[in-house]
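Source file: start.pdb; contents: PDB, C-alpha atoms.
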ATOM      1  CA  MET A 131      15.247 -43.320  18.831
ATOM      2  CA  SER A 132      18.193 -41.161  19.749
ATOM      3  CA  ASP A 133      19.422 -40.867  23.337
ATOM      4  CA  SER A 134      19.569 -37.105  22.898
ATOM      5  CA  PRO A 135      16.392 -35.033  23.157
ATOM      6  CA  LEU A 136      14.231 -34.292  20.131
ATOM      7  CA  TYR A 137      12.367 -31.012  19.815
ATOM      8  CA  LEU A 138       8.883 -30.445  18.457
ATOM      9  CA  ILE A 139       8.048 -26.794  17.852
ATOM     10  CA  TYR A 140       4.502 -25.528  17.393
ATOM     11  CA  ASP A 141       4.283 -23.590  14.120
ATOM     12  CA  PRO A 142       0.880 -21.991  13.462
ATOM     13  CA  ALA A 143       1.911 -21.489   9.812
ATOM     14  CA  PHE A 144       1.031 -25.183   9.340
ATOM     15  CA  ASP A 145      -2.285 -25.129  11.239
ATOM     16  CA  ASP A 146      -5.259 -26.496   9.347
ATOM     17  CA  MET A 147      -8.803 -27.787   9.849
ATOM     18  CA  ASP A 148     -10.256 -31.126   8.857
ATOM     19  CA  ALA A 149     -13.427 -31.483   6.777
ATOM     20  CA  GLU A 150     -15.554 -31.194   9.930
ATOM     21  CA  GLY A 151     -13.893 -27.949  11.009
ATOM     22  CA  CYS A 152     -11.818 -29.532  13.776
ATOM     23  CA  PRO A 153      -8.466 -27.908  14.574
ATOM     24  CA  GLY A 154      -5.151 -29.298  13.403
ATOM     25  CA  PHE A 155      -1.929 -27.924  14.833
ATOM     26  CA  GLY A 156       1.346 -27.824  12.923
ATOM     27  CA  PHE A 157       4.511 -29.047  14.612
ATOM     28  CA  ILE A 158       8.082 -29.233  13.342
ATOM     29  CA  LEU A 159      10.450 -31.926  14.622
ATOM     30  CA  VAL A 160      14.100 -30.860  14.801
ATOM     31  CA  PHE A 161      16.948 -32.995  16.027
ATOM     32  CA  ASP A 162      19.157 -30.645  18.056
ATOM     33  CA  GLU A 163      18.977 -27.476  20.092
ATOM     34  CA  GLN A 164      20.914 -25.364  17.584
ATOM     35  CA  ASP A 165      18.338 -26.157  14.880
ATOM     36  CA  LEU A 166      15.604 -25.336  17.382
ATOM     37  CA  ASP A 167      17.061 -21.851  17.812
ATOM     38  CA  ASN A 168      17.520 -21.361  14.041
ATOM     39  CA  TYR A 169      14.049 -22.465  12.922
ATOM     40  CA  GLN A 170      12.012 -19.800  11.099
ATOM     41  CA  SER A 171       8.221 -20.206  11.110
ATOM     42  CA  GLY A 172       6.723 -21.434   7.849
ATOM     43  CA  GLU A 173      10.123 -21.871   6.179
ATOM     44  CA  ASN A 174      11.686 -24.974   4.666
ATOM     45  CA  PRO A 175      14.767 -25.216   6.912
ATOM     46  CA  PRO A 176      18.312 -25.852   5.673
ATOM     47  CA  PHE A 177      18.706 -28.578   8.342
ATOM     48  CA  PRO A 178      16.918 -31.921   8.897
ATOM     49  CA  ALA A 179      13.336 -31.473  10.064
ATOM     50  CA  VAL A 180       9.917 -33.101   9.775
ATOM     51  CA  SER A 181       6.598 -31.247   9.621
ATOM     52  CA  MET A 182       3.518 -32.849  11.168
ATOM     53  CA  LEU A 183      -0.128 -32.011  11.761
ATOM     54  CA  PHE A 184      -1.836 -33.054  15.009
ATOM     55  CA  THR A 185      -5.638 -33.003  14.729
ATOM     56  CA  ASP A 186      -8.269 -32.961  17.483
ATOM     57  CA  HIS A 187     -11.231 -34.699  15.795
ATOM     58  CA  ALA A 188     -14.912 -34.140  16.628
ATOM     59  CA  ASP A 189     -15.330 -37.751  17.787
ATOM     60  CA  GLY A 190     -12.602 -37.273  20.415
ATOM     61  CA  SER A 191      -9.912 -39.101  18.502
ATOM     62  CA  ILE A 192      -6.465 -37.653  17.901
ATOM     63  CA  SER A 193      -4.354 -38.101  14.798
ATOM     64  CA  GLY A 194      -0.816 -37.271  13.775
ATOM     65  CA  ASP A 195      -0.107 -36.834  10.087
ATOM     66  CA  LEU A 196       3.205 -36.436   8.311
ATOM     67  CA  LEU A 197       3.308 -33.286   6.170
ATOM     68  CA  GLY A 198       6.869 -33.337   4.836
ATOM     69  CA  TRP A 199      10.605 -33.697   5.332
ATOM     70  CA  ALA A 200      13.449 -31.195   5.010
ATOM     71  CA  GLN A 201      16.930 -32.394   4.036
ATOM     72  CA  LEU A 202      15.835 -36.016   3.676
ATOM     73  CA  ASP A 203      19.348 -37.099   2.658
ATOM     74  CA  ALA A 204      20.752 -36.079   6.080
ATOM     75  CA  GLU A 205      22.488 -38.761   8.134
ATOM     76  CA  ILE A 206      19.980 -38.511  11.016
ATOM     77  CA  PHE A 207      17.241 -39.953   8.800
ATOM     78  CA  GLN A 208      19.403 -43.003   8.111
ATOM     79  CA  GLN A 209      19.806 -43.599  11.864
ATOM     80  CA  PHE A 210      16.202 -42.941  12.905
ATOM     81  CA  PRO A 211      14.057 -46.091  12.414
ATOM     82  CA  LEU A 212      10.733 -45.362  10.736
ATOM     83  CA  GLY A 213       8.777 -47.314  13.373
ATOM     84  CA  GLN A 214      10.258 -45.210  16.161
ATOM     85  CA  PHE A 215       9.451 -42.057  14.235
ATOM     86  CA  PHE A 216       5.783 -43.079  13.952
ATOM     87  CA  GLN A 217       5.725 -43.975  17.675
ATOM     88  CA  LEU A 218       7.130 -40.525  18.478
ATOM     89  CA  MET A 219       4.598 -38.805  16.188
ATOM     90  CA  GLU A 220       1.646 -40.719  17.660
ATOM     91  CA  GLN A 221       2.644 -40.028  21.261
ATOM     92  CA  ALA A 222       3.524 -36.381  20.572
ATOM     93  CA  ALA A 223       0.072 -35.881  18.995
ATOM     94  CA  GLN A 224      -1.564 -37.339  22.123
ATOM     95  CA  VAL A 225       0.499 -35.099  24.417
ATOM     96  CA  ALA A 226      -0.010 -31.894  22.405
ATOM     97  CA  ILE A 227      -3.763 -32.308  21.862
ATOM     98  CA  ASN A 228      -4.463 -33.374  25.437
ATOM     99  CA  ALA A 229      -2.461 -30.395  26.741
ATOM    100  CA  TYR A 230      -4.556 -28.198  24.430
ATOM    101  CA  ARG A 231      -7.760 -29.768  25.754
ATOM    102  CA  GLN A 232      -6.720 -29.185  29.362
ATOM    103  CA  VAL A 233      -5.643 -25.554  29.149
ATOM    104  CA  GLY A 234      -7.104 -24.285  25.869
ATOM    105  CA  GLN A 235      -3.698 -23.406  24.474
ATOM    106  CA  VAL A 236      -1.340 -25.301  22.181
ATOM    107  CA  PRO A 237       2.080 -26.019  23.733
ATOM    108  CA  ASP A 238       4.872 -24.017  22.100
ATOM    109  CA  LYS A 239       7.390 -26.808  22.440
ATOM    110  CA  LEU A 240       7.587 -30.493  23.290
ATOM    111  CA  ILE A 241      10.939 -31.992  24.216
ATOM    112  CA  ALA A 242      10.969 -35.757  23.747
ATOM    113  CA  GLN A 243      13.434 -38.025  25.531
ATOM    114  CA  LEU A 244      13.595 -41.824  25.312
ATOM    115  CA  LEU A 245      13.715 -43.246  28.819
ATOM    116  CA  PRO A 246      16.657 -45.606  29.437
ATOM    117  CA  ASP A 247      15.857 -49.331  29.354
ATOM    118  CA  ASP A 248      12.289 -48.621  28.218
ATOM    119  CA  ASP A 249      10.303 -48.079  25.081
ATOM    120  CA  LEU A 250       8.693 -45.095  26.756
ATOM    121  CA  ILE A 251       9.085 -41.520  25.606
ATOM    122  CA  GLN A 252       9.020 -38.740  28.185
ATOM    123  CA  PHE A 253       7.748 -35.340  27.064
ATOM    124  CA  ASP A 254       8.551 -31.982  28.584
ATOM    125  CA  VAL A 255       5.585 -29.771  27.632
ATOM    126  CA  GLN A 256       6.412 -26.062  27.427
ATOM    127  CA  PHE A 257       4.224 -23.008  26.971
ATOM    128  CA  ALA A 258       5.851 -19.643  26.200
ATOM    129  CA  THR A 259       3.028 -17.821  27.933
ATOM    130  CA  LEU A 260       0.364 -19.735  29.784
ATOM    131  CA  GLU A 261      -2.264 -17.637  31.487
ATOM    132  CA  LEU A 262      -4.906 -19.608  33.314
ATOM    133  CA  SER A 263      -8.139 -17.907  34.278
ATOM    134  CA  ASP A 264      -7.675 -18.216  38.033
ATOM    135  CA  ALA A 265      -5.488 -19.591  40.802
ATOM    136  CA  GLU A 266      -7.788 -22.615  41.205
ATOM    137  CA  ALA A 267      -7.262 -23.615  37.554
ATOM    138  CA  GLU A 268      -3.507 -23.258  38.014
ATOM    139  CA  SER A 269      -3.570 -25.413  41.154
ATOM    140  CA  GLN A 270      -5.721 -28.049  39.388
ATOM    141  CA  LEU A 271      -3.306 -28.225  36.445
ATOM    142  CA  ALA A 272      -0.316 -28.562  38.788
ATOM    143  CA  LYS A 273      -2.010 -31.455  40.622
ATOM    144  CA  GLN A 274      -2.794 -33.233  37.335
ATOM    145  CA  MET A 275       0.779 -32.851  36.121
ATOM    146  CA  MET A 276       2.249 -34.183  39.374
ATOM    147  CA  SER A 277      -0.038 -37.210  39.399
ATOM    148  CA  GLY A 278       1.720 -38.938  36.525
ATOM    149  CA  ARG A 279       0.850 -39.118  32.857
ATOM    150  CA  PRO A 280      -1.876 -36.466  32.582
ATOM    151  CA  TYR A 281      -1.947 -36.097  28.824
ATOM    152  CA  LEU A 282      -2.056 -39.688  27.614
ATOM    153  CA  ASP A 283      -5.526 -41.079  27.172
ATOM    154  CA  SER A 284      -4.449 -44.388  25.688
TER     155      SER A 284
END

Can I see the file as structure tokens?
Amino acid sequence: MSDSPLYLIYDPAFDDMDAEGCPGFGFILVFDEQDLDNYQSGENPPFPAVSMLFTDHADGSISGDLLGWAQLDAEIFQQFPLGQFFQLMEQAAQVAINAYRQVGQVPDKLIAQLLPDDDLIQFDVQFATLELSDAEAESQLAKQMMSGRPYLDS
């Protein structure tokens, strides 16, 4: 995976439900901050991007599914090993769905960064507007986030 951050943007235009009526949330992976700023919801972008669906299944499992690619002939796709892409997608699905489970809102953006000398991916989880019901809920969330890896259940 790249040493530079990767950006996953929540795009409700790609939301879906599975056969059991469980929610699936659409995310778009872009490879640089300029593309992040230029992305238009529901559009096939003129720059390299990958669309994914993260589903919160009734049995508690989480899945990440590839929906499609934009500009597949771009150089970045030649440099990005498929195995690392699937690792990123699997971990991003875990982070996004577990954040949703904790606060009842889908994160607007995930910023993924490969940690040096590790095979670990660090995620910065961002909400454009996060309104928790009370100060106690806000304090509880802050404690969970400071205690380590609050979103990963595997």

Phe210 of chain A surroundings by all atoms listed in the file, 12 Å radius, close-in-sequence under 3 positions cut, as a ChimeraX atom specification | /A:131-133,136,161,178,202,204-207,213-218

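Take atom CA of Gly234 of chain A and atom CA of Gln256 of chain A: the distance between them is 13.7 Å.
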
Would you list the residues near (-2.1, -33.9, 6.4), meaning any protein, DNA or RNA residue with an atom at most 8 Å from that point in file coordinates, counting all atoms listed in the file, as a short mmCIF file (atom, residue, chain, number, x, y, z; two decimals) with C-alpha atoms, keeping the file's coordinate frame?
data_model
loop_
_atom_site.label_atom_id
_atom_site.label_comp_id
_atom_site.auth_asym_id
_atom_site.auth_seq_id
_atom_site.Cartn_x
_atom_site.Cartn_y
_atom_site.Cartn_z
CA MET A 182 3.52 -32.85 11.17
CA LEU A 183 -0.13 -32.01 11.76
CA ASP A 195 -0.11 -36.83 10.09
CA LEU A 196 3.20 -36.44 8.31
CA LEU A 197 3.31 -33.29 6.17
#

Have a look at atom CA of Pro153 of chain A and atom CA of Glu173 of chain A and let me know their distance in Å, one decimal.
->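 These atoms are spaced 21.3 Å apart.
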
Got a sec to resolve the PyMOL selection byres ((chain A and resi 236) around 8) on this structure and send the residues as a list of chain:residue names?
->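 Selection result, ordered by chain and number: A:Tyr140, A:Phe155, A:Ala226, A:Ile227, A:Ala229, A:Tyr230, A:Gly234, A:Gln235, A:Pro237, A:Asp238, A:Phe257.
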
Any idea what the distance is between atom CA of Ile241 of chain A and atom CA of Phe157 of chain A?
->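 For atom CA of Ile241 of chain A relative to atom CA of Phe157 of chain A, the distance reads 11.9 Å.
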
Among listed residues A:Val225, A:Gln201, A:Arg231, A:Glu150, nearest Val255 of chain A (using all atoms listed in the file) = A:Val225

Write out as a PyMOL selection string the residues lying within 12 Å of Asn174 of chain A, counting all atoms listed in the file and excluding same-chain residues fewer than 2 positions away.
-> chain A and resi 143-144+158+160+168-172+176-181+197-202

Between A:Pro135, A:Gly190, A:Gly154, A:Pro142, which one has atoms that come closest to Leu166 of chain A, using only C-alpha atoms?
->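 Nearest to Leu166 of chain A: A:Pro135.
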
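Closest approach to Ala223 of chain A from the set A:Gln208, A:Gln243, A:Gln164, A:Ser191 is made by A:Ser191, with distances taken over only C-alpha atoms.
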
If the box runs along x, y and z of the file and leaves 5 Å on each side of segment 161-175 of chain A, what are its centre and edge lengths in Å, one decimal, as lines of an AutoDock Vina configuration file?
center_x = 13.8
center_y = -26.4
center_z = 12.4
size_x = 24.2
size_y = 23.2
size_z = 25.4

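Nearest to Leu260 of chain A of all the residues A:Ala149, A:Leu240, A:Val233, A:Leu245 is A:Val233, counting all atoms listed in the file.
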
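Comparing A:Ala222, A:Leu159, A:Ala242, A:Leu250 by their smallest distance to Ile139 of chain A, the closest is A:Leu159 (using all atoms listed in the file).
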
For Ile251 of chain A, the nearest of the candidates A:Thr185, A:Gln224, A:Gln209, A:Gln232, counting all atoms listed in the file = A:Gln224
